[in-house]
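J.: Take a look at this one; I'll ask things after.
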Amino acid sequence: MKVLVAVKRVIDYNVKVRVKADNSDVDLANVKMALNPFCEIAIEEAVRLKEAGTASEVVVVSIGSKSCEEQIRTALALGADRGVRIDTEDGPDSLSVSKLLAKVVEKEAPGMVILGKQAIDSDNNQTGQMLGALLDRPQGTFASEVKVDGDKVQVTREVDGGLQTVELAMPAIVTTDLRLNEPRYASLPNIMKAKRKPLEVISPDDLGVTVSSNLSLLRVDPPAERQAGIMVGSVDELVEKLRNEAKVI
Amino acid sequence: MTILVIAEHDNNELKPVTLNTLSAATAIGGDIHLLVAGSNCQAVAETAAQIPAVAKVLLADNAAYEHQLAENMSKLVQTLASDYGHILASATTTGKNFLPRVAALLDVNQISDIIAVESADTFKRPIYAGNAIATVQSSDTVKVITVRGTAFDAVESAGGSAEVAAIGEACDAGISSFVGEELAESDRPELTAASVVVSGGRGMGNGENFDLLYSVADKLGAAVGASRAAVDAGFVPNDMQVGQTGKMVAPDLYIAVGISGAIQHLAGMKDSKVIVAINKDEEAPIFQVADYGLVADLFEAVPELETKL
């Protein structure tokens with residue numbers, strides 16, 4: 001079985017984002033970029049499936065400008081076998097991304113597609129589900145456990161209030177939640193090896209998809225700042241304030 | 001144009017977050033239809049019909065919808081979509097699961113997790129873990145939207161008498177099935193619906209020490225949450241996690257105990273009305289957002305708090 005993993009280049013999760021002075025977007029100039037953390041988990045899961053003998057090949061796909069090849073190389077260093085970059089401007093919307101991925105899936109015919117549940121920049125949490133709908137294939141979103149059993153896969157999902165397990169006919173789409181696994185670090189020899197792994201670049205035209213969007217970003221604002229309150233000296237004072245000043249107990 | 005809201009429920013009870021999502025629908029303006037899709041969920045539809053904001057309840061009662069599997073739900077909503085200008089669901093793990101499929105089937109984008117309605121086609125939503133707020137406009141023919149419940153006040157739940165219309169054939173995609181679930185049993189309110197939340201962080205030291213928080217929570221009728229650090233350390237299960245990667249809460253009172261206040265945690269609770277922080281480290285960033293800060297050893301302060309409530 002082939003496993004396809006879709007990954008996204010995003011701002012490093014340790015970087016504090018700033019809104020541009022003209023409120024047009026956040027400022028990404030000279031900011032450290034990285035693999036989206038949920039995508040790292042997706043790669044790790046695919047590589048583990050290969051190590052367990054369940055998967056035969058791990059193909060990693062990313063969509064964007066040439067700079068996202070850096071993240072594809074990272075994925076190759078973590079154990080993916082080959083990369084595909086679909087050449088677009090950075091940040092197409094989720095529907096366009098899903099349409100592009102759907103075409104790649106039709107071409108590659110994987111048994112499973114693994115994606116992060118959301119990217120930490122746009123926080124949309126859509127692409128895996130949209131891909132499932134376009135392909136008319138089932139989905140196991142927010143996965144904390146993935147068990148392949150013949151032509152079916154059982155996915156345990158993190159839902160509000162606990163866990164839910166579903167069984168999906170393969171090919172299936174899986175999106176990762178945080179506790180699915182702990183991604184490994186790439187070793188130096190693997191980073192060197194990754195440079196020689198194949199990386200194909202294709203255009204949306206090759207896939208017959210037009211990238212456009214009916215969504216426009218009108219402005220971006222910093223969130224309302226919360227003012228620091230006061231320090232209290234004792235539990236008695238705290239209880240008194242909550243009762244008589246804040247009136248919340 | 002009419003708005004379709006998809007109800008959040010467990011086949012027995014309508015979840016309160018539905019009232020918040022309906023509130024977002026009223027801000028958009030127009031007649032509101034509420035879809036109750038489930039199995040043996042007549043009682044939910046009857047409760048829903050009493051909500052004054054709802055003009056009509058659509059009841060899709062079929063085994064195919066018992067667990068609201070995304071594959072089946074999305075096909076059902078697709079069959080109804082042509083009558084509506086907006087389709088809304090709560091940004092819960094259920095809504096987030098099936099609604100993007102609906103959007104893709106309708107060949108439109110989804111606007112996720114809105115926190116404000118600017119006009120019928122323009123919405124505000126947090127990006128970058130709430131570190132920026134985007135204003136987005138959609139020219140799609142139908143706007144497919146998930147709503148962050150904590151950002152909208154609930155609509156009235158009683159006093160109305162909407163028509164209940166049974167609808168549709170079963171849309172069973174036949175490619176997925178429900179195997180089982182493990183839901184945390186608790187007499188306390190659900191985290192995202194509670195008016196008071198008491199949360200513990202790495203400073204709690206271990207899972208047993210969370211009993212201190214449960215005692216306080218029981219006195220306040222509060223839900224108990226945790227930071228990601230406490231979850232990662234294995235103190236408590238992930239469904240208690242408050243933060244960017246967990247649940248978003250905005251109660252009247254949030255008490256953070258032994259939580260340093262990482263950005264990822266603040267993203268999940270900073271919209272709370274009153275925030276109390278108890279931490280022995282006076283430099284902890286949580287104090288920068290707290291209305292009331294107490295620098296103290298939580299193992300002394302929390303039991304004392306419990307006795308004085």
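Letters A, B, ... go to the chains of the structure tokens in the order shown; residues in each chain start at 1; ligands are counted from 1 in the same order.
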Do you have, as CSV, the list of residues of range 12-96 of chain A lying at most 9 Å from range 112-122 of chain A, each with its nearest atom pair and that distance in Å to one decimal, counting only C-alpha atoms and ordered by chain then number?
T.:
residue,atom,partner,partner_atom,distance
A:Asp12,CA,A:Ile120,CA,8.9
A:Tyr13,CA,A:Ile120,CA,7.4
A:Asn36,CA,A:Ala119,CA,6.0
A:Pro37,CA,A:Gly116,CA,7.7
A:Phe38,CA,A:Gly116,CA,4.3
A:Cys39,CA,A:Gly116,CA,4.5
A:Glu40,CA,A:Gly116,CA,7.7
A:Ile41,CA,A:Gly116,CA,7.1
A:Ala42,CA,A:Leu115,CA,5.6
A:Ile43,CA,A:Ile114,CA,7.7
A:Glu45,CA,A:Ile114,CA,8.1
A:Ala46,CA,A:Ile114,CA,7.3
J.: Take the residues from that selection and write them out as a short mmCIF file (atom, residue, chain, number, x, y, z; two decimals), in the first residue's frame, keeping all heavy atoms.
T.:
data_model
loop_
_atom_site.label_atom_id
_atom_site.label_comp_id
_atom_site.auth_asym_id
_atom_site.auth_seq_id
_atom_site.Cartn_x
_atom_site.Cartn_y
_atom_site.Cartn_z
N ASP A 12 7.00 29.08 12.05
CA ASP A 12 7.41 28.20 13.14
C ASP A 12 6.53 28.47 14.37
O ASP A 12 6.23 29.62 14.68
CB ASP A 12 8.88 28.46 13.49
CG ASP A 12 9.41 27.49 14.52
OD1 ASP A 12 9.19 27.72 15.73
OD2 ASP A 12 10.04 26.50 14.11
N TYR A 13 6.12 27.40 15.05
CA TYR A 13 5.14 27.59 16.11
C TYR A 13 5.68 28.36 17.31
O TYR A 13 4.91 28.83 18.15
CB TYR A 13 4.52 26.25 16.54
CG TYR A 13 5.42 25.39 17.40
CD1 TYR A 13 5.29 25.40 18.79
CD2 TYR A 13 6.38 24.56 16.84
CE1 TYR A 13 6.10 24.62 19.58
CE2 TYR A 13 7.20 23.78 17.61
CZ TYR A 13 7.06 23.80 18.98
OH TYR A 13 7.87 23.04 19.76
N ASN A 36 4.42 22.37 9.38
CA ASN A 36 3.29 22.45 10.30
C ASN A 36 3.34 21.28 11.28
O ASN A 36 3.50 20.13 10.86
CB ASN A 36 2.00 22.40 9.46
CG ASN A 36 0.77 22.48 10.32
OD1 ASN A 36 0.68 23.27 11.23
ND2 ASN A 36 -0.20 21.63 10.00
N PRO A 37 3.22 21.53 12.60
CA PRO A 37 3.37 20.43 13.57
C PRO A 37 2.44 19.24 13.33
O PRO A 37 2.87 18.09 13.50
CB PRO A 37 3.04 21.11 14.91
CG PRO A 37 3.31 22.56 14.70
CD PRO A 37 3.03 22.84 13.26
N PHE A 38 1.21 19.49 12.92
CA PHE A 38 0.30 18.36 12.68
C PHE A 38 0.75 17.55 11.46
O PHE A 38 0.49 16.35 11.38
CB PHE A 38 -1.14 18.85 12.50
CG PHE A 38 -1.75 19.40 13.76
CD1 PHE A 38 -1.88 20.77 13.95
CD2 PHE A 38 -2.18 18.55 14.77
CE1 PHE A 38 -2.43 21.28 15.11
CE2 PHE A 38 -2.73 19.04 15.92
CZ PHE A 38 -2.87 20.42 16.10
N CYS A 39 1.41 18.23 10.50
CA CYS A 39 1.92 17.53 9.31
C CYS A 39 3.10 16.64 9.68
O CYS A 39 3.29 15.57 9.10
CB CYS A 39 2.35 18.53 8.25
SG CYS A 39 1.01 19.60 7.69
N GLU A 40 3.91 17.10 10.65
CA GLU A 40 5.02 16.26 11.13
C GLU A 40 4.49 14.95 11.69
O GLU A 40 5.06 13.89 11.47
CB GLU A 40 5.77 16.99 12.27
CG GLU A 40 6.95 17.81 11.82
CD GLU A 40 7.72 18.35 13.00
OE1 GLU A 40 7.09 18.80 13.98
OE2 GLU A 40 8.96 18.32 12.94
N ILE A 41 3.38 15.06 12.41
CA ILE A 41 2.77 13.86 12.99
C ILE A 41 2.26 12.95 11.87
O ILE A 41 2.37 11.71 11.95
CB ILE A 41 1.64 14.26 13.96
CG1 ILE A 41 2.22 15.04 15.14
CG2 ILE A 41 0.87 13.04 14.44
CD1 ILE A 41 1.19 15.70 16.04
N ALA A 42 1.75 13.56 10.81
CA ALA A 42 1.26 12.77 9.66
C ALA A 42 2.40 12.00 9.00
O ALA A 42 2.26 10.82 8.67
CB ALA A 42 0.58 13.71 8.65
N ILE A 43 3.54 12.68 8.83
CA ILE A 43 4.70 12.00 8.23
C ILE A 43 5.15 10.85 9.12
O ILE A 43 5.39 9.74 8.66
CB ILE A 43 5.87 12.99 8.04
CG1 ILE A 43 5.48 14.07 7.02
CG2 ILE A 43 7.14 12.27 7.58
CD1 ILE A 43 6.34 15.31 7.13
N GLU A 45 3.47 9.10 11.20
CA GLU A 45 2.54 7.97 11.16
C GLU A 45 2.75 7.15 9.88
O GLU A 45 2.75 5.91 9.91
CB GLU A 45 1.09 8.47 11.24
CG GLU A 45 0.07 7.39 11.54
CD GLU A 45 0.24 6.76 12.92
OE1 GLU A 45 0.95 7.33 13.79
OE2 GLU A 45 -0.32 5.67 13.13
N ALA A 46 2.95 7.84 8.77
CA ALA A 46 3.17 7.15 7.49
C ALA A 46 4.46 6.35 7.54
O ALA A 46 4.51 5.19 7.09
CB ALA A 46 3.21 8.17 6.36
#
J.: Based on DSSP run over this structure's backbone, return all residues of range 78-107 of chain A in alpha helix (DSSP H), as JSON, numbers by chain.
T.: {"A": [94, 95, 96, 97, 98, 99, 100, 101, 102, 103, 104, 105, 106, 107]}
J.: Could those residues be written to a file, using all heavy atoms, as an mmCIF file, in the first residue's frame?
T.:
data_model
loop_
_atom_site.group_PDB
_atom_site.id
_atom_site.type_symbol
_atom_site.label_atom_id
_atom_site.label_comp_id
_atom_site.auth_asym_id
_atom_site.auth_seq_id
_atom_site.Cartn_x
_atom_site.Cartn_y
_atom_site.Cartn_z
ATOM 1 N N SER A 94 -8.450 26.462 0.947
ATOM 2 C CA SER A 94 -8.584 25.031 1.246
ATOM 3 C C SER A 94 -9.235 24.264 0.107
ATOM 4 O O SER A 94 -8.869 23.122 -0.166
ATOM 5 C CB SER A 94 -9.419 24.823 2.508
ATOM 6 O OG SER A 94 -8.917 25.573 3.563
ATOM 7 N N LEU A 95 -10.227 24.883 -0.545
ATOM 8 C CA LEU A 95 -10.928 24.177 -1.621
ATOM 9 C C LEU A 95 -9.979 23.929 -2.794
ATOM 10 O O LEU A 95 -9.949 22.820 -3.343
ATOM 11 C CB LEU A 95 -12.157 24.980 -2.071
ATOM 12 C CG LEU A 95 -13.042 24.302 -3.112
ATOM 13 C CD1 LEU A 95 -13.673 23.035 -2.549
ATOM 14 C CD2 LEU A 95 -14.137 25.253 -3.608
ATOM 15 N N SER A 96 -9.161 24.928 -3.145
ATOM 16 C CA SER A 96 -8.193 24.749 -4.228
ATOM 17 C C SER A 96 -7.173 23.676 -3.871
ATOM 18 O O SER A 96 -6.835 22.816 -4.686
ATOM 19 C CB SER A 96 -7.464 26.060 -4.519
ATOM 20 O OG SER A 96 -8.373 27.075 -4.866
ATOM 21 N N VAL A 97 -6.681 23.747 -2.640
ATOM 22 C CA VAL A 97 -5.709 22.751 -2.178
ATOM 23 C C VAL A 97 -6.315 21.357 -2.271
ATOM 24 O O VAL A 97 -5.683 20.411 -2.759
ATOM 25 C CB VAL A 97 -5.261 23.075 -0.729
ATOM 26 C CG1 VAL A 97 -4.533 21.890 -0.105
ATOM 27 C CG2 VAL A 97 -4.381 24.314 -0.716
ATOM 28 N N SER A 98 -7.569 21.232 -1.849
ATOM 29 C CA SER A 98 -8.223 19.916 -1.864
ATOM 30 C C SER A 98 -8.391 19.412 -3.294
ATOM 31 O O SER A 98 -8.217 18.226 -3.563
ATOM 32 C CB SER A 98 -9.584 19.994 -1.185
ATOM 33 O OG SER A 98 -9.453 20.566 0.085
ATOM 34 N N LYS A 99 -8.730 20.324 -4.210
ATOM 35 C CA LYS A 99 -8.892 19.913 -5.612
ATOM 36 C C LYS A 99 -7.569 19.445 -6.207
ATOM 37 O O LYS A 99 -7.522 18.454 -6.934
ATOM 38 C CB LYS A 99 -9.448 21.081 -6.438
ATOM 39 C CG LYS A 99 -10.924 21.355 -6.173
ATOM 40 C CD LYS A 99 -11.416 22.529 -7.011
ATOM 41 C CE LYS A 99 -12.899 22.762 -6.778
ATOM 42 N NZ LYS A 99 -13.389 23.946 -7.488
ATOM 43 N N LEU A 100 -6.493 20.169 -5.879
ATOM 44 C CA LEU A 100 -5.172 19.773 -6.374
ATOM 45 C C LEU A 100 -4.779 18.413 -5.802
ATOM 46 O O LEU A 100 -4.314 17.526 -6.518
ATOM 47 C CB LEU A 100 -4.128 20.832 -6.007
ATOM 48 C CG LEU A 100 -4.270 22.188 -6.726
ATOM 49 C CD1 LEU A 100 -3.434 23.256 -6.040
ATOM 50 C CD2 LEU A 100 -3.867 22.056 -8.195
ATOM 51 N N LEU A 101 -4.993 18.270 -4.483
ATOM 52 C CA LEU A 101 -4.629 16.997 -3.845
ATOM 53 C C LEU A 101 -5.453 15.844 -4.411
ATOM 54 O O LEU A 101 -4.945 14.737 -4.596
ATOM 55 C CB LEU A 101 -4.813 17.079 -2.330
ATOM 56 C CG LEU A 101 -3.811 17.949 -1.562
ATOM 57 C CD1 LEU A 101 -4.198 18.018 -0.090
ATOM 58 C CD2 LEU A 101 -2.386 17.417 -1.710
ATOM 59 N N ALA A 102 -6.731 16.114 -4.683
ATOM 60 C CA ALA A 102 -7.601 15.052 -5.208
ATOM 61 C C ALA A 102 -7.039 14.525 -6.532
ATOM 62 O O ALA A 102 -7.057 13.309 -6.787
ATOM 63 C CB ALA A 102 -9.021 15.575 -5.395
ATOM 64 N N LYS A 103 -6.514 15.435 -7.355
ATOM 65 C CA LYS A 103 -5.936 15.008 -8.639
ATOM 66 C C LYS A 103 -4.685 14.177 -8.423
ATOM 67 O O LYS A 103 -4.438 13.202 -9.137
ATOM 68 C CB LYS A 103 -5.620 16.235 -9.510
ATOM 69 C CG LYS A 103 -6.848 16.968 -9.982
ATOM 70 C CD LYS A 103 -7.640 16.099 -10.975
ATOM 71 C CE LYS A 103 -8.938 16.776 -11.393
ATOM 72 N NZ LYS A 103 -9.777 15.880 -12.210
ATOM 73 N N VAL A 104 -3.871 14.583 -7.449
ATOM 74 C CA VAL A 104 -2.657 13.812 -7.152
ATOM 75 C C VAL A 104 -3.038 12.428 -6.634
ATOM 76 O O VAL A 104 -2.421 11.420 -6.993
ATOM 77 C CB VAL A 104 -1.768 14.553 -6.124
ATOM 78 C CG1 VAL A 104 -0.572 13.699 -5.730
ATOM 79 C CG2 VAL A 104 -1.305 15.894 -6.678
ATOM 80 N N VAL A 105 -4.078 12.374 -5.811
ATOM 81 C CA VAL A 105 -4.526 11.085 -5.275
ATOM 82 C C VAL A 105 -5.006 10.187 -6.419
ATOM 83 O O VAL A 105 -4.693 8.992 -6.461
ATOM 84 C CB VAL A 105 -5.640 11.276 -4.216
ATOM 85 C CG1 VAL A 105 -6.268 9.938 -3.832
ATOM 86 C CG2 VAL A 105 -5.074 11.957 -2.981
ATOM 87 N N GLU A 106 -5.742 10.762 -7.369
ATOM 88 C CA GLU A 106 -6.216 9.956 -8.502
ATOM 89 C C GLU A 106 -5.039 9.384 -9.290
ATOM 90 O O GLU A 106 -5.076 8.254 -9.758
ATOM 91 C CB GLU A 106 -7.102 10.810 -9.421
ATOM 92 C CG GLU A 106 -8.511 10.977 -8.861
ATOM 93 C CD GLU A 106 -9.327 12.021 -9.616
ATOM 94 O OE1 GLU A 106 -8.922 12.420 -10.726
ATOM 95 O OE2 GLU A 106 -10.373 12.436 -9.072
ATOM 96 N N LYS A 107 -3.979 10.186 -9.393
ATOM 97 C CA LYS A 107 -2.807 9.755 -10.152
ATOM 98 C C LYS A 107 -1.983 8.710 -9.392
ATOM 99 O O LYS A 107 -1.556 7.705 -9.960
ATOM 100 C CB LYS A 107 -1.949 11.011 -10.402
ATOM 101 C CG LYS A 107 -1.011 10.920 -11.583
ATOM 102 C CD LYS A 107 -0.414 12.297 -11.891
ATOM 103 C CE LYS A 107 1.072 12.258 -11.647
ATOM 104 N NZ LYS A 107 1.745 13.549 -11.815
#
J.: May I ask for the distance between CA of Phe123 in chain B and CA of Thr135 in chain B, given in Å to one decimal place?
T.: 5.6 Å
J.: Among range 60-98 of chain A, which ones does DSSP assign to strand (DSSP E) (computed from the backbone)? Answer as a list in words.
T.: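 The strand (DSSP E) residues within range 60-98 of chain A come out as Val60, Val61, Ser62, Ile63, Gly64, Arg82, Gly83, Val84, Arg85, Ile86 and Asp87 of chain A.
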J.: Counting only C-alpha atoms, what is within 7 Å of Gly159 in chain B, bar same-chain residues fewer than 6 positions away, as JSON, numbers by chain?
T.: {"B": [50, 51, 52]}
J.: Please identify all polymer residues within 6 Å of Val147 in chain B, counting only C-alpha atoms, omitting same-chain residues fewer than 5 positions from it, and present them as a list in words.
T.: Thr21, Ser90, Ala91, Asp113 and Ile114 of chain B
J.: Taking only C-alpha atoms into account, what are the residues of chain A at most 7 Å from chain B, put as an NGL selection string?
T.: :A and (17 or 19 or 94-95 or 120-124 or 126 or 129-130 or 133-134 or 138 or 141 or 159-169 or 214-223 or 226-235 or 248)
